[in-house]
Number of protein chains: 4
Amino acid sequence: MNTPAGRRGTGGGVRVQRADARANRARILDVAEEVFGKGGESASTEEVARLAGVGIATVFRHFPTKTALLEAVLARRFDRQREQAEALLNAADPGQAFLGFFRYLVADAPAKIGIAEALLDAGGDGGGEAAQASTELRQAFGALLQRAQQAGVIRDDVELPEVYALLVGVSRAAAREHPGEQMRARLLTIVFDGLAPRL
Amino acid sequence: MNTPAGRRGTGGGVRVQRADARANRARILDVAEEVFGKGGESASTEEVARLAGVGIATVFRHFPTKTALLEAVLARRFDRQREQAEALLNAADPGQAFLGFFRYLVADAPAKIGIAEALLDAGGDGGGEAAQASTELRQAFGALLQRAQQAGVIRDDVELPEVYALLVGVSRAAAREHPGEQMRARLLTIVFDGLAPRL
Amino acid sequence: MNTPAGRRGTGGGVRVQRADARANRARILDVAEEVFGKGGESASTEEVARLAGVGIATVFRHFPTKTALLEAVLARRFDRQREQAEALLNAADPGQAFLGFFRYLVADAPAKIGIAEALLDAGGDGGGEAAQASTELRQAFGALLQRAQQAGVIRDDVELPEVYALLVGVSRAAAREHPGEQMRARLLTIVFDGLAPRL
Amino acid sequence: MNTPAGRRGTGGGVRVQRADARANRARILDVAEEVFGKGGESASTEEVARLAGVGIATVFRHFPTKTALLEAVLARRFDRQREQAEALLNAADPGQAFLGFFRYLVADAPAKIGIAEALLDAGGDGGGEAAQASTELRQAFGALLQRAQQAGVIRDDVELPEVYALLVGVSRAAAREHPGEQMRARLLTIVFDGLAPRL
DNA sequence: AATGAATGAGAATTCATTCAT
DNA sequence: AATGAATGAATTCTCATTCAT
């Protein structure tokens with residue numbers, strides 16, 4: 001399981017335990033993402049611990065409150081999405097980049113929304129790291145939008161706030177209904193037509 | 001606090017008591033609608049009882065579980081909206097009727113969504129009376145949509161499922177963000193443009 | 001599960017449940033007084049519930065926090081002692097009255113101190129009803145002191161603060177050591193000699 | 001339960017390590033004395049470790065239970081005070097020696113009492129090394145008392161048990177109330193007058 | 001010998017639901 | 001039919017103590 005590493009602190013040895021702890025932390029985050037992502041019910045921290053195969057106290061050692069755990073889960077997810085967005089900033093086709101990312105976010109939404117709601121339930125105020133990460137994602141999304149508008153693929157008279165609200169809304173719709181590929185596509189058709197430049 | 005009161009059989013009518021009970025039932029529903037509509041947190045049944053001015057047991061006499069109470073609240077709300085829809089079926093301008101109703105539902109959504117989430121939290125499966133009422137509302141909405149399409153105000157290649165999903169999505173967007181009149185209008189502009197017939 | 005209790009409430013009787021509840025409340029207070037009075041360990045609310053023969057939630061119905069429970073227990077005890085003091089205010093022999101009351105408080109102290117410490121542990125700030133009751137007891141004690149001084153039984157150059165502190169100290173000494181009648185008497189001999197007028 | 005550890009005979013001196021360990025042990029004791037002396041709440045062992053700059057396991061290596069740690073802290077304190085007492089046994093003025101030491105113990109009490117209470121909370125029975133050290137302190141105090149009585153400064157009809165109880169009581173009074181120099185002095189005036197020889 | 005991660009047994013508090021009147 | 005007191009099963013979080021390195 002563990003690396004042998006420098007037995008007696010002879011110098012080279014490092015952080016063996018740390019690796020273990022880090023693995024636990026990651027597993028807890030993964031499990032929490034899944035458990036809370038299921039949404040609906042309000043899952044308990046104990047459930048997370050059980051599925052992660054650790055004691056409840058271990059969860060609380062890594063995340064001092066339930067809110068902190070949810071923040072971390074959500075922030076990680078936002079961060080991943082922002083990275084996606086940033087990777088698309090140099091894409092050859094700005095229109096495709098924007099629309100594809102929009103599609104991707106909607107498809108990815110269900111789990112995220114469950115987590116966000118659990119966070120609200122747990123009393124998360126908008127001041128945590130998740131909010132920060134959310135803002136950054138929104139900015140990256142805004143950059144994609146701007147490029148798409150400059151490329152003439154998205155009408156000029158819309159701005160980030162309403163487009164983002166639309167994204168959130170469609171995501172929420174997709175979250176609870178999980179409409180299947182087909183209907184999600186038809187939904188997006190309408191929305192994208194609404195976003196297309198007026199003739 | 002309340003005396004049993006009105007115990008004296010009033011002869012012919014036992015309906016007097018019934019009236020009392022019915023009034024209580026209505027008041028409980030009203031209060032529950034408000035309390036749970038506030039959304040966010042999960043309000044307690046006891047809170048509802050207190051604000052309704054009845055004992056907690058009275059709430060449970062009328063609605064055997066919290067889920068049942070939420071179902072009733074939600075069903076009543078769906079019914080009201082369906083009535084609105086049906087009233088618009090004979091409107092002179094089918095386009096106006098559809099779009100106006102769409103707008104109305106979105107504006108009305110925040111409270112409803114709060115209730116629906118509370119219902120999910122309370123373990124409400126989609127099989128109750130609320131689901132039934134929801135289906136009926138959807139049908140009425142579908143009728144309005146069809147008329148608007150026949151009138152050429154809404155594009156022909158969309159169907160109820162995706163339009164309804166879109167409605168739900170925009171409603172959800174409006175729910176948590178309460179964007180204010182302005183942004184809601186801009187949001188609807190995009191959506192309605194997307195729904196307009198292609199040239 | 002429920003004791004028959006107060007069954008006889010037929011005649012003029014009302015509030016039968018109320019009577020039950022009141023009995024429960026009293027029993028909880030009694031048990032809590034004993035349990036926390038034992039001092040030392042930090043007794044749990046669950047222990048109180050179990051010994052009182054009620055569910056834990058019942059304790060919390062009557063006293064919304066552990067602190068509130070402890071406040072109530074302590075306040076009740078202070079109130080009883082204050083009543084004793086007030087009853088002695090008209091005693092024929094002011095010296096006997098004061099010294100006797102001093103003796104009584106010391107003998108009564110052990111349990112009280114345990115409770116007070118539990119209250120501190122539970123985060124009781126000095127602002128509750130117990131503090132209020134404590135202040136009133138101190139005032140009554142002060143009145144007895146003043147009378148004893150006027151009667152020439154207690155030296156004139158001492159004032160309430162230090163005498164009360166002395167009372168507290170001796171009480172605390174008696175609390176943990178429970179020295180038995182004998183030694184308590186010898187202790188009080190010293191203190192009372194110290195309080196006697198200088199020649 | 002214990003690992004064999006340190007199995008490899010290191011031949012000559014193991015004392016180097018021992019010095020390190022001893023330093024750690026002393027630092028832990030110092031920190032614990034301060035932390036628990038603050039009284040009130042119940043401080044955690046982890047807090048002690050953190051402030052001492054060692055890992056939690058190190059604390060438990062030196063003191064196998066929290067109780068053992070508290071015993072050690074308290075015993076050390078008792079020992080120090082006993083040394084003070086023994087140093088005063090040869091003082092020129094036995095009355096001054098006794099009264100001064102009494103005063104000193106009262107002033108020093110607050111921290112000690114906090115520790116003692118933490119010990120009780122942790123389930124310390126009176127059988128540990130602290131009790132032993134306490135007994136020795138009491139004996140030294142008794143010797144001072146006897147000398148003062150022989151010198152005619154303290155009345156003859158009091159004996160160690162009640163005087164010591166009085167000391168404890170006044171100390172306890174001073175502990176929670178921290179009355180300030182002034183009132184402590186007035187308190188001691190009364191007590192010392194009570195201890196003075198009857199005329 | 002030292003470290004810090006992991007653990008499980010509580011503890012306070014809440015809430016939907018039932019019972020006795 | 002109405003009341004409100006009682007209930008016990010959760011849930012979040014803490015802490016002394018042990019384990020693996």
# chains A, B, ... in the order shown; residues from 1 in each chain; ligands from 1
>>> closest_atom_pairs(of="stretch 49-101 of chain C", to="stretch 3-20 of chain F", cutoff="8 Å", atoms="only C-alpha atoms (C1' of nucleotides)", output="CSV")
residue,atom,partner,partner_atom,distance
C:Val54,CA,F:DA6,C1',8.0
C:Gly55,CA,F:DT7,C1',6.1
C:Ala57,CA,F:DT7,C1',6.9
C:Thr58,CA,F:DA6,C1',6.1
>>> write_last_selection(atoms="N, CA and C atoms", output="mmCIF file, in the first residue's frame")
data_model
loop_
_atom_site.group_PDB
_atom_site.id
_atom_site.type_symbol
_atom_site.label_atom_id
_atom_site.label_comp_id
_atom_site.auth_asym_id
_atom_site.auth_seq_id
_atom_site.Cartn_x
_atom_site.Cartn_y
_atom_site.Cartn_z
ATOM 1 N N VAL C 54 -38.550 9.971 30.449
ATOM 2 C CA VAL C 54 -39.148 10.590 29.260
ATOM 3 C C VAL C 54 -38.167 10.491 28.096
ATOM 4 N N GLY C 55 -38.658 10.746 26.924
ATOM 5 C CA GLY C 55 -37.784 10.766 25.760
ATOM 6 C C GLY C 55 -36.932 12.020 25.768
ATOM 7 N N ALA C 57 -36.472 14.094 23.511
ATOM 8 C CA ALA C 57 -37.120 15.243 22.872
ATOM 9 C C ALA C 57 -38.028 15.972 23.842
ATOM 10 N N THR C 58 -38.539 15.242 24.798
ATOM 11 C CA THR C 58 -39.404 15.878 25.787
ATOM 12 C C THR C 58 -38.622 16.875 26.625
#
>>> select_by_dssp(residues="chain A", states="helix (DSSP H, G or I)", output="mmCIF file with C-alpha atoms, in the first residue's frame")
data_model
loop_
_atom_site.group_PDB
_atom_site.id
_atom_site.type_symbol
_atom_site.label_atom_id
_atom_site.label_comp_id
_atom_site.auth_asym_id
_atom_site.auth_seq_id
_atom_site.Cartn_x
_atom_site.Cartn_y
_atom_site.Cartn_z
ATOM 1 C CA VAL A 16 4.339 8.885 3.076
ATOM 2 C CA GLN A 17 1.322 9.413 5.227
ATOM 3 C CA ARG A 18 0.555 12.547 3.353
ATOM 4 C CA ALA A 19 0.021 10.535 0.240
ATOM 5 C CA ASP A 20 -2.435 8.340 2.042
ATOM 6 C CA ALA A 21 -4.304 11.283 3.401
ATOM 7 C CA ARG A 22 -4.388 12.926 0.030
ATOM 8 C CA ALA A 23 -5.857 9.822 -1.478
ATOM 9 C CA ASN A 24 -8.521 9.791 1.192
ATOM 10 C CA ARG A 25 -9.297 13.398 0.577
ATOM 11 C CA ALA A 26 -9.715 12.786 -3.094
ATOM 12 C CA ARG A 27 -11.898 9.769 -2.507
ATOM 13 C CA ILE A 28 -14.084 11.722 -0.133
ATOM 14 C CA LEU A 29 -14.485 14.463 -2.703
ATOM 15 C CA ASP A 30 -15.353 11.969 -5.385
ATOM 16 C CA VAL A 31 -17.895 10.192 -3.266
ATOM 17 C CA ALA A 32 -19.395 13.444 -2.073
ATOM 18 C CA GLU A 33 -19.698 14.654 -5.639
ATOM 19 C CA GLU A 34 -21.611 11.554 -6.517
ATOM 20 C CA VAL A 35 -23.727 11.369 -3.399
ATOM 21 C CA PHE A 36 -24.765 14.993 -3.362
ATOM 22 C CA GLY A 37 -24.998 15.108 -7.112
ATOM 23 C CA THR A 45 -22.081 13.281 5.761
ATOM 24 C CA GLU A 46 -22.154 9.852 7.304
ATOM 25 C CA GLU A 47 -23.277 8.394 3.986
ATOM 26 C CA VAL A 48 -20.309 9.994 2.307
ATOM 27 C CA ALA A 49 -17.973 8.559 4.899
ATOM 28 C CA ARG A 50 -19.406 5.104 4.554
ATOM 29 C CA LEU A 51 -19.161 5.031 0.790
ATOM 30 C CA ALA A 52 -15.665 6.440 0.898
ATOM 31 C CA ILE A 56 -16.967 9.956 9.790
ATOM 32 C CA ALA A 57 -14.313 11.784 11.736
ATOM 33 C CA THR A 58 -11.970 11.522 8.799
ATOM 34 C CA VAL A 59 -14.380 13.445 6.650
ATOM 35 C CA PHE A 60 -14.562 16.140 9.269
ATOM 36 C CA ARG A 61 -10.809 16.211 9.592
ATOM 37 C CA HIS A 62 -10.502 17.056 5.917
ATOM 38 C CA LYS A 66 -20.507 19.955 5.855
ATOM 39 C CA THR A 67 -20.630 23.304 4.142
ATOM 40 C CA ALA A 68 -16.893 23.228 3.620
ATOM 41 C CA LEU A 69 -17.150 19.818 2.012
ATOM 42 C CA LEU A 70 -19.844 20.966 -0.371
ATOM 43 C CA GLU A 71 -17.925 24.096 -1.204
ATOM 44 C CA ALA A 72 -14.909 22.045 -2.075
ATOM 45 C CA VAL A 73 -16.867 19.665 -4.258
ATOM 46 C CA LEU A 74 -18.573 22.448 -6.099
ATOM 47 C CA ALA A 75 -15.475 24.536 -6.496
ATOM 48 C CA ARG A 76 -13.615 21.621 -7.998
ATOM 49 C CA ARG A 77 -16.366 21.128 -10.484
ATOM 50 C CA PHE A 78 -16.487 24.798 -11.418
ATOM 51 C CA ASP A 79 -12.758 24.814 -11.812
ATOM 52 C CA ARG A 80 -12.847 21.869 -14.178
ATOM 53 C CA GLN A 81 -15.434 23.582 -16.317
ATOM 54 C CA ARG A 82 -13.535 26.815 -16.366
ATOM 55 C CA GLU A 83 -10.497 24.978 -17.574
ATOM 56 C CA GLN A 84 -12.571 23.572 -20.386
ATOM 57 C CA ALA A 85 -13.709 27.053 -21.279
ATOM 58 C CA GLU A 86 -10.230 28.442 -21.270
ATOM 59 C CA ALA A 87 -9.026 25.632 -23.484
ATOM 60 C CA LEU A 88 -11.657 26.650 -26.003
ATOM 61 C CA PRO A 94 -15.534 30.735 -32.068
ATOM 62 C CA GLY A 95 -19.152 29.919 -32.808
ATOM 63 C CA GLN A 96 -18.621 26.204 -32.422
ATOM 64 C CA ALA A 97 -16.605 26.837 -29.313
ATOM 65 C CA PHE A 98 -19.327 28.823 -27.646
ATOM 66 C CA LEU A 99 -22.223 26.632 -28.651
ATOM 67 C CA GLY A 100 -20.330 23.471 -27.838
ATOM 68 C CA PHE A 101 -19.410 24.732 -24.414
ATOM 69 C CA PHE A 102 -22.990 25.772 -23.771
ATOM 70 C CA ARG A 103 -24.071 22.268 -24.702
ATOM 71 C CA TYR A 104 -21.433 20.742 -22.521
ATOM 72 C CA LEU A 105 -22.438 22.752 -19.481
ATOM 73 C CA VAL A 106 -26.050 21.808 -19.901
ATOM 74 C CA ALA A 107 -25.185 18.152 -20.186
ATOM 75 C CA ASP A 108 -22.967 18.384 -17.156
ATOM 76 C CA ALA A 109 -25.451 20.293 -15.092
ATOM 77 C CA PRO A 110 -27.571 17.734 -13.288
ATOM 78 C CA ALA A 111 -25.009 16.669 -10.761
ATOM 79 C CA LYS A 112 -23.773 20.185 -10.206
ATOM 80 C CA ILE A 113 -27.184 21.481 -9.422
ATOM 81 C CA GLY A 114 -27.791 18.806 -6.860
ATOM 82 C CA ILE A 115 -24.611 19.826 -5.124
ATOM 83 C CA ALA A 116 -25.424 23.490 -5.248
ATOM 84 C CA GLU A 117 -28.768 22.859 -3.670
ATOM 85 C CA ALA A 118 -27.272 20.766 -0.944
ATOM 86 C CA LEU A 119 -24.905 23.635 -0.303
ATOM 87 C CA LEU A 120 -27.746 26.098 0.000
ATOM 88 C CA ASP A 121 -29.493 23.705 2.345
ATOM 89 C CA GLU A 129 -14.628 29.320 -2.569
ATOM 90 C CA ALA A 130 -17.405 27.867 -4.676
ATOM 91 C CA ALA A 131 -18.798 31.311 -5.338
ATOM 92 C CA GLN A 132 -15.354 32.470 -6.317
ATOM 93 C CA ALA A 133 -14.906 29.578 -8.709
ATOM 94 C CA SER A 134 -18.366 30.189 -10.081
ATOM 95 C CA THR A 135 -17.529 33.762 -10.864
ATOM 96 C CA GLU A 136 -14.414 32.715 -12.689
ATOM 97 C CA LEU A 137 -16.345 30.216 -14.753
ATOM 98 C CA ARG A 138 -18.820 32.899 -15.651
ATOM 99 C CA GLN A 139 -16.034 35.151 -16.783
ATOM 100 C CA ALA A 140 -14.567 32.459 -18.980
ATOM 101 C CA PHE A 141 -18.006 31.805 -20.391
ATOM 102 C CA GLY A 142 -18.343 35.527 -21.040
ATOM 103 C CA ALA A 143 -15.120 35.530 -22.999
ATOM 104 C CA LEU A 144 -16.391 32.737 -25.202
ATOM 105 C CA LEU A 145 -19.611 34.624 -25.721
ATOM 106 C CA GLN A 146 -17.797 37.762 -26.749
ATOM 107 C CA ARG A 147 -15.682 35.951 -29.277
ATOM 108 C CA ALA A 148 -18.775 34.323 -30.734
ATOM 109 C CA GLN A 149 -20.440 37.679 -31.027
ATOM 110 C CA GLN A 150 -17.416 39.186 -32.720
ATOM 111 C CA LEU A 160 -23.680 38.042 -20.467
ATOM 112 C CA PRO A 161 -26.213 38.360 -17.655
ATOM 113 C CA GLU A 162 -29.189 37.150 -19.602
ATOM 114 C CA VAL A 163 -27.272 34.580 -21.572
ATOM 115 C CA TYR A 164 -25.842 33.178 -18.396
ATOM 116 C CA ALA A 165 -29.268 33.175 -16.801
ATOM 117 C CA LEU A 166 -30.542 31.314 -19.818
ATOM 118 C CA LEU A 167 -27.759 28.807 -19.466
ATOM 119 C CA VAL A 168 -28.594 28.312 -15.822
ATOM 120 C CA GLY A 169 -32.240 27.910 -16.596
ATOM 121 C CA VAL A 170 -31.801 25.369 -19.328
ATOM 122 C CA SER A 171 -29.356 23.549 -17.116
ATOM 123 C CA ARG A 172 -31.887 23.430 -14.364
ATOM 124 C CA ALA A 173 -34.520 22.169 -16.697
ATOM 125 C CA ALA A 174 -32.206 19.437 -17.861
ATOM 126 C CA ALA A 175 -31.272 18.663 -14.290
ATOM 127 C CA ARG A 176 -34.549 17.487 -12.926
ATOM 128 C CA GLU A 177 -36.048 16.132 -16.063
ATOM 129 C CA GLY A 180 -32.463 12.414 -22.858
ATOM 130 C CA GLU A 181 -30.203 13.424 -25.674
ATOM 131 C CA GLN A 182 -32.969 13.966 -28.135
ATOM 132 C CA MET A 183 -35.015 16.458 -26.261
ATOM 133 C CA ARG A 184 -32.010 18.261 -24.938
ATOM 134 C CA ALA A 185 -30.963 18.800 -28.511
ATOM 135 C CA ARG A 186 -34.340 20.148 -29.525
ATOM 136 C CA LEU A 187 -34.326 22.418 -26.517
ATOM 137 C CA LEU A 188 -30.969 23.776 -27.454
ATOM 138 C CA THR A 189 -32.099 24.281 -31.007
ATOM 139 C CA ILE A 190 -34.691 26.723 -29.830
ATOM 140 C CA VAL A 191 -32.337 28.504 -27.542
ATOM 141 C CA PHE A 192 -29.569 28.753 -30.109
ATOM 142 C CA ASP A 193 -31.979 30.044 -32.677
ATOM 143 C CA GLY A 194 -32.971 32.679 -30.170
ATOM 144 C CA LEU A 195 -29.358 33.604 -29.776
#
>>> closest_residue(among="D:Ser44, D:Gly128, D:Asp93, D:Ala196", to="chain C", atoms="only C-alpha atoms")
D:Ala196
>>> calpha_fit_rmsd(fixed="chain D", moving="chain A")
4.5 Å
>>> atom_distance(atom1="atom CA of C:Ala43", atom2="atom C1' of E:DA16")
28.3 Å
>>> closest_atom_pairs(of="chain E", to="chain B", cutoff="10 Å", atoms="only C-alpha atoms (C1' of nucleotides)", output="CSV")
residue,atom,partner,partner_atom,distance
E:DT14,C1',B:Ser44,CA,9.6
E:DC15,C1',B:Ser44,CA,7.2
E:DA16,C1',B:Lys66,CA,7.4
E:DT17,C1',B:Thr65,CA,7.9
E:DT18,C1',B:Ala57,CA,9.1
>>> atom_distance(atom1="atom CA of B:Asp157", atom2="atom CA of B:Ala91")
23.4 Å
>>> closest_residue(among="B:Gly152, B:Gly53, B:Pro197, B:Gly123", to="chain A", atoms="only C-alpha atoms")
B:Gly123
>>> atom_distance(atom1="atom C1' of E:DT7", atom2="atom C1' of F:DT21")
17.3 Å
>>> decode(residues="stretch 116-126 of chain B", atoms="all heavy atoms", output="JSON list (two decimals), in the first residue's frame")
[["chain", "number", "residue", "atom", "x", "y", "z"],
["B", 116, "ALA", "N", -42.06, 22.70, -4.93],
["B", 116, "ALA", "CA", -41.72, 21.44, -5.59],
["B", 116, "ALA", "C", -40.44, 20.85, -5.00],
["B", 116, "ALA", "O", -40.34, 19.63, -4.82],
["B", 116, "ALA", "CB", -41.54, 21.68, -7.08],
["B", 117, "GLU", "N", -39.52, 21.70, -4.67],
["B", 117, "GLU", "CA", -38.29, 21.17, -4.09],
["B", 117, "GLU", "C", -38.52, 20.63, -2.70],
["B", 117, "GLU", "O", -37.95, 19.60, -2.32],
["B", 117, "GLU", "CB", -37.22, 22.26, -4.10],
["B", 117, "GLU", "CG", -36.62, 22.40, -5.48],
["B", 117, "GLU", "CD", -35.59, 23.51, -5.55],
["B", 117, "GLU", "OE1", -35.37, 24.18, -4.54],
["B", 117, "GLU", "OE2", -35.02, 23.70, -6.64],
["B", 118, "ALA", "N", -39.32, 21.33, -1.96],
["B", 118, "ALA", "CA", -39.64, 20.81, -0.64],
["B", 118, "ALA", "C", -40.30, 19.44, -0.78],
["B", 118, "ALA", "O", -40.05, 18.51, -0.01],
["B", 118, "ALA", "CB", -40.57, 21.76, 0.10],
["B", 119, "LEU", "N", -41.13, 19.31, -1.78],
["B", 119, "LEU", "CA", -41.80, 18.03, -2.01],
["B", 119, "LEU", "C", -40.78, 16.94, -2.32],
["B", 119, "LEU", "O", -40.83, 15.83, -1.76],
["B", 119, "LEU", "CB", -42.80, 18.16, -3.15],
["B", 119, "LEU", "CG", -43.51, 16.89, -3.57],
["B", 119, "LEU", "CD1", -44.23, 16.25, -2.40],
["B", 119, "LEU", "CD2", -44.52, 17.16, -4.68],
["B", 120, "LEU", "N", -39.87, 17.26, -3.18],
["B", 120, "LEU", "CA", -38.83, 16.27, -3.49],
["B", 120, "LEU", "C", -38.04, 15.91, -2.23],
["B", 120, "LEU", "O", -37.76, 14.75, -1.96],
["B", 120, "LEU", "CB", -37.87, 16.84, -4.55],
["B", 120, "LEU", "CG", -38.34, 16.67, -5.98],
["B", 120, "LEU", "CD1", -37.33, 17.24, -6.93],
["B", 120, "LEU", "CD2", -38.61, 15.20, -6.28],
["B", 121, "ASP", "N", -37.71, 16.93, -1.48],
["B", 121, "ASP", "CA", -36.97, 16.70, -0.24],
["B", 121, "ASP", "C", -37.74, 15.79, 0.69],
["B", 121, "ASP", "O", -37.17, 14.98, 1.41],
["B", 121, "ASP", "CB", -36.72, 18.04, 0.46],
["B", 121, "ASP", "CG", -35.28, 18.49, 0.30],
["B", 121, "ASP", "OD1", -34.73, 18.22, -0.78],
["B", 121, "ASP", "OD2", -34.74, 19.07, 1.23],
["B", 122, "ALA", "N", -39.03, 15.95, 0.70],
["B", 122, "ALA", "CA", -39.85, 15.16, 1.61],
["B", 122, "ALA", "C", -40.09, 13.77, 1.04],
["B", 122, "ALA", "O", -40.86, 12.98, 1.59],
["B", 122, "ALA", "CB", -41.17, 15.87, 1.89],
["B", 123, "GLY", "N", -39.48, 13.49, -0.05],
["B", 123, "GLY", "CA", -39.60, 12.14, -0.61],
["B", 123, "GLY", "C", -40.78, 11.95, -1.53],
["B", 123, "GLY", "O", -41.23, 10.83, -1.76],
["B", 124, "GLY", "N", -41.30, 13.04, -2.05],
["B", 124, "GLY", "CA", -42.44, 12.92, -2.94],
["B", 124, "GLY", "C", -42.03, 12.26, -4.26],
["B", 124, "GLY", "O", -41.19, 12.78, -4.97],
["B", 125, "ASP", "N", -42.62, 11.15, -4.54],
["B", 125, "ASP", "CA", -42.37, 10.54, -5.84],
["B", 125, "ASP", "C", -43.34, 11.18, -6.82],
["B", 125, "ASP", "O", -44.30, 11.83, -6.45],
["B", 125, "ASP", "CB", -42.57, 9.04, -5.79],
["B", 125, "ASP", "CG", -43.85, 8.70, -5.03],
["B", 125, "ASP", "OD1", -44.35, 9.58, -4.30],
["B", 125, "ASP", "OD2", -44.35, 7.58, -5.16],
["B", 126, "GLY", "N", -43.10, 11.00, -8.06],
["B", 126, "GLY", "CA", -43.93, 11.67, -9.06],
["B", 126, "GLY", "C", -45.34, 11.09, -9.23],
["B", 126, "GLY", "O", -45.99, 11.35, -10.24]]
